[in-house]
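A.B. asks: What follows is data.txt, made up of compact mmCIF, N, CA and C atoms:
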# COMPACT_ATOMS: atom_id res chain seq x y z
N MET I 20 -38.30 23.70 -95.28
CA MET I 20 -39.12 24.74 -94.69
C MET I 20 -38.24 25.94 -94.33
N ASN I 21 -38.74 27.13 -94.59
CA ASN I 21 -38.05 28.36 -94.27
C ASN I 21 -38.82 29.09 -93.16
N TYR I 22 -38.14 29.26 -92.04
CA TYR I 22 -38.76 29.85 -90.87
C TYR I 22 -38.14 31.20 -90.55
N TYR I 23 -39.00 32.16 -90.22
CA TYR I 23 -38.55 33.45 -89.72
C TYR I 23 -38.74 33.43 -88.21
N PHE I 24 -37.67 33.71 -87.47
CA PHE I 24 -37.73 33.72 -86.01
C PHE I 24 -37.62 35.14 -85.49
N ASP I 25 -38.61 35.55 -84.71
CA ASP I 25 -38.53 36.75 -83.91
C ASP I 25 -37.67 36.41 -82.69
N THR I 26 -37.10 37.41 -82.06
CA THR I 26 -36.23 37.19 -80.90
C THR I 26 -36.96 36.47 -79.77
N SER I 27 -38.23 36.77 -79.56
CA SER I 27 -38.98 36.14 -78.47
C SER I 27 -39.02 34.63 -78.59
N ALA I 28 -38.97 34.13 -79.81
CA ALA I 28 -38.94 32.68 -80.03
C ALA I 28 -37.51 32.16 -80.13
N LEU I 29 -36.66 32.89 -80.83
CA LEU I 29 -35.28 32.42 -81.03
C LEU I 29 -34.53 32.27 -79.71
N ILE I 30 -34.76 33.14 -78.76
CA ILE I 30 -34.03 33.09 -77.48
C ILE I 30 -34.25 31.75 -76.77
N LYS I 31 -35.35 31.09 -77.10
CA LYS I 31 -35.66 29.79 -76.50
C LYS I 31 -34.66 28.71 -76.94
N ARG I 32 -33.91 28.98 -77.98
CA ARG I 32 -32.84 28.07 -78.40
C ARG I 32 -31.68 28.10 -77.41
N TYR I 33 -31.51 29.21 -76.74
CA TYR I 33 -30.35 29.41 -75.87
C TYR I 33 -30.70 29.33 -74.38
N ILE I 34 -31.92 29.63 -74.04
CA ILE I 34 -32.39 29.63 -72.66
C ILE I 34 -33.49 28.57 -72.54
N ASP I 35 -33.35 27.68 -71.59
CA ASP I 35 -34.35 26.63 -71.41
C ASP I 35 -35.59 27.24 -70.74
N GLU I 36 -36.65 27.35 -71.53
CA GLU I 36 -37.91 27.89 -71.04
C GLU I 36 -39.04 27.26 -71.83
N ASP I 37 -40.25 27.58 -71.46
CA ASP I 37 -41.42 27.04 -72.14
C ASP I 37 -41.29 27.29 -73.64
N GLY I 38 -41.37 26.24 -74.42
CA GLY I 38 -41.28 26.35 -75.87
C GLY I 38 -39.92 25.99 -76.43
N SER I 39 -38.92 25.81 -75.58
CA SER I 39 -37.56 25.52 -76.07
C SER I 39 -37.50 24.22 -76.88
N GLU I 40 -38.18 23.20 -76.42
CA GLU I 40 -38.16 21.92 -77.16
C GLU I 40 -38.79 22.07 -78.53
N ARG I 41 -39.87 22.84 -78.63
CA ARG I 41 -40.52 23.05 -79.92
C ARG I 41 -39.63 23.87 -80.85
N VAL I 42 -38.89 24.82 -80.30
CA VAL I 42 -37.95 25.59 -81.12
C VAL I 42 -36.87 24.66 -81.67
N GLU I 43 -36.35 23.77 -80.85
CA GLU I 43 -35.33 22.81 -81.32
C GLU I 43 -35.89 21.92 -82.42
N THR I 44 -37.14 21.51 -82.29
CA THR I 44 -37.77 20.70 -83.33
C THR I 44 -37.84 21.47 -84.64
N LEU I 45 -38.21 22.75 -84.57
CA LEU I 45 -38.26 23.58 -85.78
C LEU I 45 -36.88 23.70 -86.41
N PHE I 46 -35.85 23.88 -85.59
CA PHE I 46 -34.49 23.97 -86.12
C PHE I 46 -34.11 22.69 -86.86
N GLU I 47 -34.49 21.56 -86.32
CA GLU I 47 -34.17 20.28 -86.97
C GLU I 47 -34.89 20.13 -88.31
N GLN I 48 -36.08 20.71 -88.43
CA GLN I 48 -36.88 20.61 -89.65
C GLN I 48 -36.52 21.67 -90.69
N ALA I 49 -35.87 22.72 -90.28
CA ALA I 49 -35.70 23.90 -91.13
C ALA I 49 -34.70 23.68 -92.26
N ASP I 50 -35.05 24.21 -93.42
CA ASP I 50 -34.08 24.35 -94.51
C ASP I 50 -33.28 25.62 -94.30
N SER I 51 -33.98 26.66 -93.80
CA SER I 51 -33.29 27.91 -93.48
C SER I 51 -33.99 28.61 -92.33
N ILE I 52 -33.19 29.33 -91.55
CA ILE I 52 -33.67 30.16 -90.46
C ILE I 52 -33.40 31.61 -90.85
N CYS I 53 -34.45 32.39 -90.89
CA CYS I 53 -34.35 33.80 -91.27
C CYS I 53 -34.58 34.67 -90.05
N VAL I 54 -33.82 35.74 -89.95
CA VAL I 54 -33.93 36.65 -88.81
C VAL I 54 -33.68 38.08 -89.29
N SER I 55 -34.05 39.01 -88.44
CA SER I 55 -33.79 40.42 -88.68
C SER I 55 -32.37 40.78 -88.27
N PHE I 56 -31.88 41.87 -88.83
CA PHE I 56 -30.57 42.40 -88.47
C PHE I 56 -30.49 42.80 -86.99
N VAL I 57 -31.60 43.01 -86.32
CA VAL I 57 -31.57 43.39 -84.90
C VAL I 57 -31.62 42.19 -83.97
N THR I 58 -31.88 41.01 -84.48
CA THR I 58 -32.13 39.85 -83.63
C THR I 58 -30.90 39.44 -82.82
N LYS I 59 -29.72 39.45 -83.43
CA LYS I 59 -28.52 39.10 -82.68
C LYS I 59 -28.33 40.05 -81.51
N ILE I 60 -28.52 41.34 -81.76
CA ILE I 60 -28.37 42.35 -80.71
C ILE I 60 -29.40 42.12 -79.60
N GLU I 61 -30.64 41.85 -79.97
CA GLU I 61 -31.68 41.59 -78.98
C GLU I 61 -31.37 40.34 -78.16
N CYS I 62 -30.89 39.28 -78.81
CA CYS I 62 -30.56 38.05 -78.08
C CYS I 62 -29.44 38.31 -77.07
N ILE I 63 -28.40 38.97 -77.49
CA ILE I 63 -27.29 39.23 -76.57
C ILE I 63 -27.72 40.15 -75.45
N SER I 64 -28.56 41.12 -75.76
CA SER I 64 -29.08 42.01 -74.72
C SER I 64 -29.89 41.22 -73.69
N THR I 65 -30.70 40.28 -74.16
CA THR I 65 -31.47 39.44 -73.25
C THR I 65 -30.56 38.59 -72.37
N LEU I 66 -29.54 38.00 -72.98
CA LEU I 66 -28.59 37.20 -72.20
C LEU I 66 -27.88 38.06 -71.15
N ARG I 67 -27.50 39.27 -71.53
CA ARG I 67 -26.82 40.17 -70.59
C ARG I 67 -27.74 40.53 -69.43
N ARG I 68 -29.02 40.78 -69.73
CA ARG I 68 -29.99 41.08 -68.68
C ARG I 68 -30.10 39.91 -67.71
N LEU I 69 -30.15 38.69 -68.25
CA LEU I 69 -30.23 37.51 -67.40
C LEU I 69 -28.98 37.35 -66.53
N LEU I 70 -27.83 37.71 -67.08
CA LEU I 70 -26.59 37.71 -66.29
C LEU I 70 -26.71 38.69 -65.13
N LEU I 71 -27.14 39.90 -65.42
CA LEU I 71 -27.23 40.94 -64.40
C LEU I 71 -28.30 40.61 -63.35
N GLU I 72 -29.33 39.88 -63.74
CA GLU I 72 -30.37 39.45 -62.80
C GLU I 72 -29.96 38.22 -62.00
N GLY I 73 -28.79 37.67 -62.29
CA GLY I 73 -28.31 36.51 -61.57
C GLY I 73 -28.89 35.19 -62.05
N LEU I 74 -29.56 35.20 -63.20
CA LEU I 74 -30.15 33.97 -63.73
C LEU I 74 -29.16 33.20 -64.60
N LEU I 75 -28.06 33.84 -64.97
CA LEU I 75 -26.95 33.20 -65.65
C LEU I 75 -25.68 33.59 -64.92
N ASP I 76 -24.70 32.69 -64.90
CA ASP I 76 -23.39 33.09 -64.38
C ASP I 76 -22.52 33.53 -65.56
N GLN I 77 -21.38 34.09 -65.26
CA GLN I 77 -20.52 34.66 -66.30
C GLN I 77 -20.10 33.62 -67.34
N SER I 78 -19.77 32.42 -66.91
CA SER I 78 -19.32 31.41 -67.88
C SER I 78 -20.47 31.00 -68.81
N ASN I 79 -21.68 30.86 -68.28
CA ASN I 79 -22.83 30.54 -69.13
C ASN I 79 -23.14 31.68 -70.10
N TYR I 80 -23.07 32.91 -69.59
CA TYR I 80 -23.30 34.07 -70.45
C TYR I 80 -22.30 34.08 -71.61
N THR I 81 -21.04 33.89 -71.30
CA THR I 81 -19.99 33.92 -72.33
C THR I 81 -20.21 32.80 -73.35
N ALA I 82 -20.55 31.60 -72.88
CA ALA I 82 -20.77 30.47 -73.78
C ALA I 82 -22.01 30.69 -74.66
N LEU I 83 -23.09 31.16 -74.06
CA LEU I 83 -24.32 31.39 -74.82
C LEU I 83 -24.15 32.52 -75.83
N LYS I 84 -23.45 33.56 -75.43
CA LYS I 84 -23.18 34.67 -76.35
C LYS I 84 -22.39 34.16 -77.56
N ALA I 85 -21.38 33.34 -77.32
CA ALA I 85 -20.60 32.77 -78.42
C ALA I 85 -21.46 31.89 -79.31
N GLU I 86 -22.38 31.14 -78.70
CA GLU I 86 -23.28 30.29 -79.48
C GLU I 86 -24.18 31.12 -80.38
N VAL I 87 -24.71 32.22 -79.86
CA VAL I 87 -25.54 33.12 -80.67
C VAL I 87 -24.73 33.63 -81.86
N VAL I 88 -23.55 34.14 -81.59
CA VAL I 88 -22.72 34.70 -82.66
C VAL I 88 -22.42 33.62 -83.71
N GLU I 89 -22.10 32.41 -83.27
CA GLU I 89 -21.81 31.32 -84.21
C GLU I 89 -23.04 30.96 -85.04
N ASP I 90 -24.19 30.84 -84.40
CA ASP I 90 -25.41 30.48 -85.13
C ASP I 90 -25.73 31.50 -86.22
N PHE I 91 -25.46 32.76 -85.96
CA PHE I 91 -25.81 33.80 -86.94
C PHE I 91 -25.01 33.68 -88.23
N GLU I 92 -23.94 32.93 -88.21
CA GLU I 92 -23.19 32.68 -89.44
C GLU I 92 -23.99 31.80 -90.39
N TYR I 93 -24.97 31.05 -89.86
CA TYR I 93 -25.75 30.13 -90.66
C TYR I 93 -27.16 30.64 -90.96
N PHE I 94 -27.56 31.71 -90.32
CA PHE I 94 -28.90 32.26 -90.52
C PHE I 94 -28.92 33.17 -91.75
N THR I 95 -30.09 33.30 -92.35
CA THR I 95 -30.32 34.31 -93.38
C THR I 95 -30.76 35.57 -92.65
N VAL I 96 -29.95 36.62 -92.73
CA VAL I 96 -30.22 37.85 -92.00
C VAL I 96 -30.76 38.90 -92.97
N VAL I 97 -31.93 39.43 -92.65
CA VAL I 97 -32.53 40.50 -93.45
C VAL I 97 -31.91 41.81 -93.00
N ASP I 98 -31.24 42.47 -93.93
CA ASP I 98 -30.50 43.69 -93.60
C ASP I 98 -31.39 44.93 -93.49
N ASN I 99 -30.85 45.91 -92.81
CA ASN I 99 -31.49 47.21 -92.69
C ASN I 99 -31.37 47.96 -94.01
N THR I 100 -32.50 48.34 -94.57
CA THR I 100 -32.51 49.10 -95.82
C THR I 100 -33.49 50.27 -95.67
N GLU I 101 -33.44 51.16 -96.61
CA GLU I 101 -34.40 52.26 -96.59
C GLU I 101 -35.83 51.74 -96.73
N PHE I 102 -36.00 50.70 -97.54
CA PHE I 102 -37.33 50.09 -97.68
C PHE I 102 -37.83 49.58 -96.33
N ILE I 103 -36.97 48.87 -95.59
CA ILE I 103 -37.35 48.34 -94.27
C ILE I 103 -37.72 49.49 -93.34
N GLN I 104 -36.93 50.54 -93.34
CA GLN I 104 -37.20 51.69 -92.47
C GLN I 104 -38.55 52.32 -92.80
N ASN I 105 -38.83 52.51 -94.07
CA ASN I 105 -40.11 53.09 -94.47
C ASN I 105 -41.27 52.16 -94.13
N LEU I 106 -41.07 50.87 -94.31
CA LEU I 106 -42.10 49.90 -93.96
C LEU I 106 -42.35 49.89 -92.45
N CYS I 107 -41.30 50.04 -91.65
CA CYS I 107 -41.46 50.13 -90.19
C CYS I 107 -42.40 51.27 -89.82
N ILE I 108 -42.21 52.41 -90.45
CA ILE I 108 -43.05 53.57 -90.16
C ILE I 108 -44.50 53.26 -90.52
N GLN I 109 -44.71 52.63 -91.66
CA GLN I 109 -46.07 52.26 -92.07
C GLN I 109 -46.70 51.27 -91.07
N LEU I 110 -45.91 50.30 -90.64
CA LEU I 110 -46.42 49.29 -89.71
C LEU I 110 -46.70 49.88 -88.33
N ILE I 111 -45.88 50.83 -87.91
CA ILE I 111 -46.13 51.53 -86.64
C ILE I 111 -47.45 52.29 -86.72
N ASP I 112 -47.66 52.99 -87.82
CA ASP I 112 -48.92 53.72 -88.00
C ASP I 112 -50.12 52.77 -88.07
N LYS I 113 -49.93 51.65 -88.72
CA LYS I 113 -51.02 50.70 -88.93
C LYS I 113 -51.35 49.91 -87.66
N HIS I 114 -50.31 49.50 -86.91
CA HIS I 114 -50.52 48.56 -85.81
C HIS I 114 -50.09 49.09 -84.43
N GLN I 115 -49.57 50.29 -84.37
CA GLN I 115 -49.05 50.85 -83.12
C GLN I 115 -48.03 49.89 -82.47
N LEU I 116 -47.08 49.45 -83.30
CA LEU I 116 -46.05 48.53 -82.84
C LEU I 116 -44.92 49.27 -82.14
N LYS I 117 -44.24 48.57 -81.25
CA LYS I 117 -43.00 49.08 -80.68
C LYS I 117 -41.93 49.04 -81.77
N THR I 118 -40.88 49.81 -81.57
CA THR I 118 -39.83 49.95 -82.58
C THR I 118 -39.29 48.60 -83.05
N LEU I 119 -38.83 47.77 -82.10
CA LEU I 119 -38.20 46.51 -82.49
C LEU I 119 -39.21 45.55 -83.11
N ASP I 120 -40.44 45.57 -82.66
CA ASP I 120 -41.46 44.73 -83.28
C ASP I 120 -41.74 45.16 -84.72
N SER I 121 -41.72 46.47 -84.96
CA SER I 121 -41.94 46.95 -86.33
C SER I 121 -40.79 46.49 -87.23
N ILE I 122 -39.57 46.47 -86.70
CA ILE I 122 -38.43 46.01 -87.48
C ILE I 122 -38.58 44.52 -87.79
N GLN I 123 -38.94 43.74 -86.78
CA GLN I 123 -39.12 42.30 -86.99
C GLN I 123 -40.16 42.03 -88.07
N LEU I 124 -41.30 42.68 -87.96
CA LEU I 124 -42.37 42.45 -88.92
C LEU I 124 -41.99 42.96 -90.31
N ALA I 125 -41.36 44.11 -90.39
CA ALA I 125 -40.95 44.65 -91.69
C ALA I 125 -39.95 43.73 -92.38
N CYS I 126 -39.02 43.19 -91.63
CA CYS I 126 -38.04 42.27 -92.22
C CYS I 126 -38.73 41.02 -92.76
N ALA I 127 -39.70 40.51 -92.03
CA ALA I 127 -40.43 39.35 -92.51
C ALA I 127 -41.25 39.68 -93.75
N VAL I 128 -41.85 40.85 -93.77
CA VAL I 128 -42.62 41.27 -94.94
C VAL I 128 -41.70 41.34 -96.16
N GLU I 129 -40.49 41.83 -95.97
CA GLU I 129 -39.53 41.96 -97.07
C GLU I 129 -39.25 40.61 -97.75
N ILE I 130 -39.25 39.53 -96.98
CA ILE I 130 -38.95 38.21 -97.56
C ILE I 130 -40.16 37.27 -97.49
N ARG I 131 -41.32 37.84 -97.38
CA ARG I 131 -42.57 37.07 -97.22
C ARG I 131 -42.66 35.88 -98.17
N ASN I 132 -42.33 36.07 -99.43
CA ASN I 132 -42.50 35.00 -100.43
C ASN I 132 -41.55 33.83 -100.22
N GLN I 133 -40.54 34.01 -99.38
CA GLN I 133 -39.56 32.96 -99.11
C GLN I 133 -39.89 32.17 -97.84
N LEU I 134 -40.90 32.63 -97.09
CA LEU I 134 -41.17 32.08 -95.76
C LEU I 134 -42.34 31.10 -95.76
N ASP I 135 -42.17 30.06 -94.93
CA ASP I 135 -43.27 29.14 -94.68
C ASP I 135 -43.95 29.42 -93.35
N LEU I 136 -43.20 30.01 -92.41
CA LEU I 136 -43.72 30.17 -91.06
C LEU I 136 -43.00 31.31 -90.34
N PHE I 137 -43.76 32.11 -89.60
CA PHE I 137 -43.22 33.15 -88.72
C PHE I 137 -43.34 32.60 -87.31
N VAL I 138 -42.19 32.43 -86.64
CA VAL I 138 -42.16 31.86 -85.30
C VAL I 138 -41.98 33.00 -84.31
N VAL I 139 -42.95 33.16 -83.39
CA VAL I 139 -42.97 34.31 -82.50
C VAL I 139 -43.68 33.94 -81.20
N SER I 140 -43.17 34.44 -80.09
CA SER I 140 -43.81 34.20 -78.79
C SER I 140 -44.38 35.46 -78.16
N ASP I 141 -44.19 36.58 -78.76
CA ASP I 141 -44.73 37.85 -78.28
C ASP I 141 -46.18 37.97 -78.75
N LYS I 142 -47.10 38.09 -77.79
CA LYS I 142 -48.54 38.04 -78.10
C LYS I 142 -48.98 39.12 -79.09
N LYS I 143 -48.60 40.36 -78.84
CA LYS I 143 -49.06 41.45 -79.73
C LYS I 143 -48.45 41.30 -81.12
N LEU I 144 -47.16 40.98 -81.19
CA LEU I 144 -46.55 40.81 -82.50
C LEU I 144 -47.17 39.63 -83.23
N LYS I 145 -47.45 38.56 -82.52
CA LYS I 145 -48.12 37.40 -83.12
C LYS I 145 -49.45 37.81 -83.75
N GLU I 146 -50.23 38.59 -83.03
CA GLU I 146 -51.52 39.06 -83.55
C GLU I 146 -51.34 39.91 -84.80
N ARG I 147 -50.34 40.76 -84.80
CA ARG I 147 -50.09 41.62 -85.96
C ARG I 147 -49.61 40.80 -87.15
N CYS I 148 -48.81 39.78 -86.90
CA CYS I 148 -48.35 38.90 -87.97
C CYS I 148 -49.53 38.16 -88.60
N GLU I 149 -50.42 37.69 -87.76
CA GLU I 149 -51.62 37.02 -88.27
C GLU I 149 -52.46 38.00 -89.08
N PHE I 150 -52.59 39.23 -88.60
CA PHE I 150 -53.34 40.25 -89.34
C PHE I 150 -52.70 40.48 -90.72
N GLU I 151 -51.37 40.42 -90.76
CA GLU I 151 -50.64 40.61 -92.02
C GLU I 151 -50.58 39.33 -92.85
N GLN I 152 -51.34 38.31 -92.42
CA GLN I 152 -51.55 37.08 -93.16
C GLN I 152 -50.32 36.16 -93.25
N PHE I 153 -49.51 36.19 -92.20
CA PHE I 153 -48.43 35.22 -92.09
C PHE I 153 -48.97 33.96 -91.44
N GLU I 154 -48.41 32.83 -91.82
CA GLU I 154 -48.62 31.59 -91.08
C GLU I 154 -47.74 31.71 -89.84
N VAL I 155 -48.35 31.64 -88.65
CA VAL I 155 -47.64 31.95 -87.41
C VAL I 155 -47.64 30.73 -86.49
N PHE I 156 -46.52 30.57 -85.78
CA PHE I 156 -46.41 29.52 -84.79
C PHE I 156 -45.80 30.10 -83.52
N ASP I 157 -46.51 29.91 -82.40
CA ASP I 157 -46.00 30.32 -81.09
C ASP I 157 -45.56 29.06 -80.34
N PRO I 158 -44.26 28.87 -80.16
CA PRO I 158 -43.80 27.62 -79.53
C PRO I 158 -44.21 27.47 -78.07
N THR I 159 -44.73 28.51 -77.45
CA THR I 159 -45.16 28.40 -76.06
C THR I 159 -46.62 28.00 -75.93
N ASN I 160 -47.38 28.08 -77.01
CA ASN I 160 -48.82 27.85 -76.89
C ASN I 160 -49.36 26.68 -77.68
N PHE I 161 -48.62 26.14 -78.61
CA PHE I 161 -49.19 25.13 -79.47
C PHE I 161 -48.24 23.97 -79.63
N PRO I 162 -48.79 22.75 -79.65
CA PRO I 162 -47.92 21.62 -79.95
C PRO I 162 -47.53 21.64 -81.42
N LEU I 163 -46.39 21.10 -81.71
CA LEU I 163 -45.89 21.07 -83.09
C LEU I 163 -46.38 19.82 -83.79
How does this structure look as structure tokens?

C.D. replies:
Amino acid sequence: MNYYFDTSALIKRYIDEDGSERVETLFEQADSICVSFVTKIECISTLRRLLLEGLLDQSNYTALKAEVVEDFEYFTVVDNTEFIQNLCIQLIDKHQLKTLDSIQLACAVEIRNQLDLFVVSDKKLKERCEFEQFEVFDPTNFPL
């Protein structure tokens, strides 16, 4: 199975929260994990925010950041291209998406034929993915 992970779902691999167990189950089942070129940056930004909010200590932040960087060596990363940028603009016009959500969806559209499932926990992006006819799984709302 080939899964595309949006940051809202992927971060559950590193932070124990609702849906984390289901994300781990998907990782165990996956043949490949696909992500956008912005996902690593978004994950590290989220971890840094949690550090600044006092929800992580420095040693946990450093360890989790290293884990994210290491995992990305094994992920299939959809790169930033002119096609992706143009598709983002189209998706923004079509769905009134935020910038990063348009990038996530555009990257998934680029490799649509390779994907079995789009894993996402962001409600609006999930709705837009369903509208774009992706098979979608929200690890916070549905049993696997």

A.B. asks: Quick one: residues within 6 Å of Asn21 (chain I), all atoms listed in the file counted, chain neighbours fewer than 4 positions away excluded, as a PDB file with N, CA and C atoms, in the frame of the given file?

C.D. replies:
ATOM      1  N   ALA I  49     -35.870  22.720 -90.280  1.00  0.00           N
ATOM      2  CA  ALA I  49     -35.700  23.900 -91.130  1.00  0.00           C
ATOM      3  C   ALA I  49     -34.700  23.680 -92.260  1.00  0.00           C
ATOM      4  N   ASP I  50     -35.050  24.210 -93.420  1.00  0.00           N
ATOM      5  CA  ASP I  50     -34.080  24.350 -94.510  1.00  0.00           C
ATOM      6  C   ASP I  50     -33.280  25.620 -94.300  1.00  0.00           C
ATOM      7  N   SER I  51     -33.980  26.660 -93.800  1.00  0.00           N
ATOM      8  CA  SER I  51     -33.290  27.910 -93.480  1.00  0.00           C
ATOM      9  C   SER I  51     -33.990  28.610 -92.330  1.00  0.00           C
ATOM     10  N   ILE I  52     -33.190  29.330 -91.550  1.00  0.00           N
ATOM     11  CA  ILE I  52     -33.670  30.160 -90.460  1.00  0.00           C
ATOM     12  C   ILE I  52     -33.400  31.610 -90.850  1.00  0.00           C
ATOM     13  N   CYS I  53     -34.450  32.390 -90.890  1.00  0.00           N
ATOM     14  CA  CYS I  53     -34.350  33.800 -91.270  1.00  0.00           C
ATOM     15  C   CYS I  53     -34.580  34.670 -90.050  1.00  0.00           C
ATOM     16  N   GLN I 133     -40.540  34.010 -99.380  1.00  0.00           N
ATOM     17  CA  GLN I 133     -39.560  32.960 -99.110  1.00  0.00           C
ATOM     18  C   GLN I 133     -39.890  32.170 -97.840  1.00  0.00           C
ATOM     19  N   LEU I 134     -40.900  32.630 -97.090  1.00  0.00           N
ATOM     20  CA  LEU I 134     -41.170  32.080 -95.760  1.00  0.00           C
ATOM     21  C   LEU I 134     -42.340  31.100 -95.760  1.00  0.00           C
ATOM     22  N   ASP I 135     -42.170  30.060 -94.930  1.00  0.00           N
ATOM     23  CA  ASP I 135     -43.270  29.140 -94.680  1.00  0.00           C
ATOM     24  C   ASP I 135     -43.950  29.420 -93.350  1.00  0.00           C
ATOM     25  N   LEU I 136     -43.200  30.010 -92.410  1.00  0.00           N
ATOM     26  CA  LEU I 136     -43.720  30.170 -91.060  1.00  0.00           C
ATOM     27  C   LEU I 136     -43.000  31.310 -90.340  1.00  0.00           C
TER      28      LEU I 136
END

A.B. asks: Which distance in Å separates atom N of Tyr80 (chain I) and CA of Glu36 (chain I), to one decimal?

C.D. replies: 15.7 Å

A.B. asks: Give me, please, the distance in Å between atom C of Gln115 (chain I) and atom N of Ala127 (chain I), quoted to one decimal.

C.D. replies: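 These atoms are spaced 15.8 Å apart.
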
A.B. asks: Work out how far atom C of Asn132 (chain I) is from atom C of Gly38 (chain I), in Å to one decimal.

C.D. replies: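 Separation of atom C of Gly38 (chain I) and atom C of Asn132 (chain I): 25.1 Å.
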
A.B. asks: Tell me which of I:Gln104, I:Val139, I:Cys148, I:Val155 sits closest to Ala28 (chain I), counting all atoms listed in the file.

C.D. replies: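 For Ala28 (chain I), the nearest of the given residues is I:Val139.
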
A.B. asks: From the set I:Thr65, I:Asn105, I:Ser39, I:Thr118, which residue has the shortest atom-to-atom contact distance to Leu144 (chain I), counting only C-alpha atoms?

C.D. replies: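 Closest residue, counting only C-alpha atoms: I:Thr118.
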
A.B. asks: From the options I:Thr58, I:Gln48, I:Gln77, I:Gln152, which residue's atoms come nearest to Ser27 (chain I), counting only C-alpha atoms?

C.D. replies: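 Of I:Thr58, I:Gln48, I:Gln77, I:Gln152, the one nearest Ser27 (chain I) is I:Thr58, counting only C-alpha atoms.
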
A.B. asks: Compile the contact shell of Ile63 (chain I) as a list in words: residues with an atom at most 8 Å away, counting all atoms listed in the file, same-chain residues fewer than 3 positions apart removed.

C.D. replies: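 In the requested form, the answer reads Val57, Thr58, Lys59, Ile60, Leu66, Arg67, Arg68, Leu69, Leu83, Lys84, Val87 and Val88 of chain I.
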
A.B. asks: Which residue is closest to Asn79 (chain I)? Choose from I:Ile34, I:Ile103, I:Val54, I:Leu110 and count only C-alpha atoms.

C.D. replies: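 Checking each of I:Ile34, I:Ile103, I:Val54, I:Leu110 against Asn79 (chain I), counting only C-alpha atoms, the winner is I:Ile34.
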
A.B. asks: Residues of region 44-140 of chain I in helix (DSSP H, G or I) according to DSSP, as a ChimeraX atom specification?

C.D. replies: /I:44-48,58-71,77-90,101-114,118-129,131-133

A.B. asks: Could you pull the residues within 12 Å of Glu40 (chain I), counting only C-alpha atoms, minus those fewer than 3 positions along the same chain, as a list in words?

C.D. replies: Ala28, Leu29, Ile30, Lys31, Arg32, Tyr33, Ile34, Asp35, Glu36, Asp37, Glu43, Thr44, Leu45, Phe46, Glu47, Pro158, Thr159, Phe161, Pro162 and Leu163 of chain I

A.B. asks: From the list I:Asp25, I:Glu61, I:Glu101, I:Asp76, which residue is nearest Leu124 (chain I) when using only C-alpha atoms?

C.D. replies: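 Smallest distance to Leu124 (chain I) is found for I:Asp25.
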
A.B. asks: Using backbone DSSP assignments, extract all strand (DSSP E or B) residues from region 32-146 of chain I; output them as a PyMOL selection string.

C.D. replies: chain I and resi 51-55+95-97+136-138

A.B. asks: Rank nothing, just name the residue among I:Glu129, I:Asp157, I:Glu72, I:Glu146 nearest to Val97 (chain I), using only C-alpha atoms.

C.D. replies: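 Smallest distance to Val97 (chain I) is found for I:Glu129.
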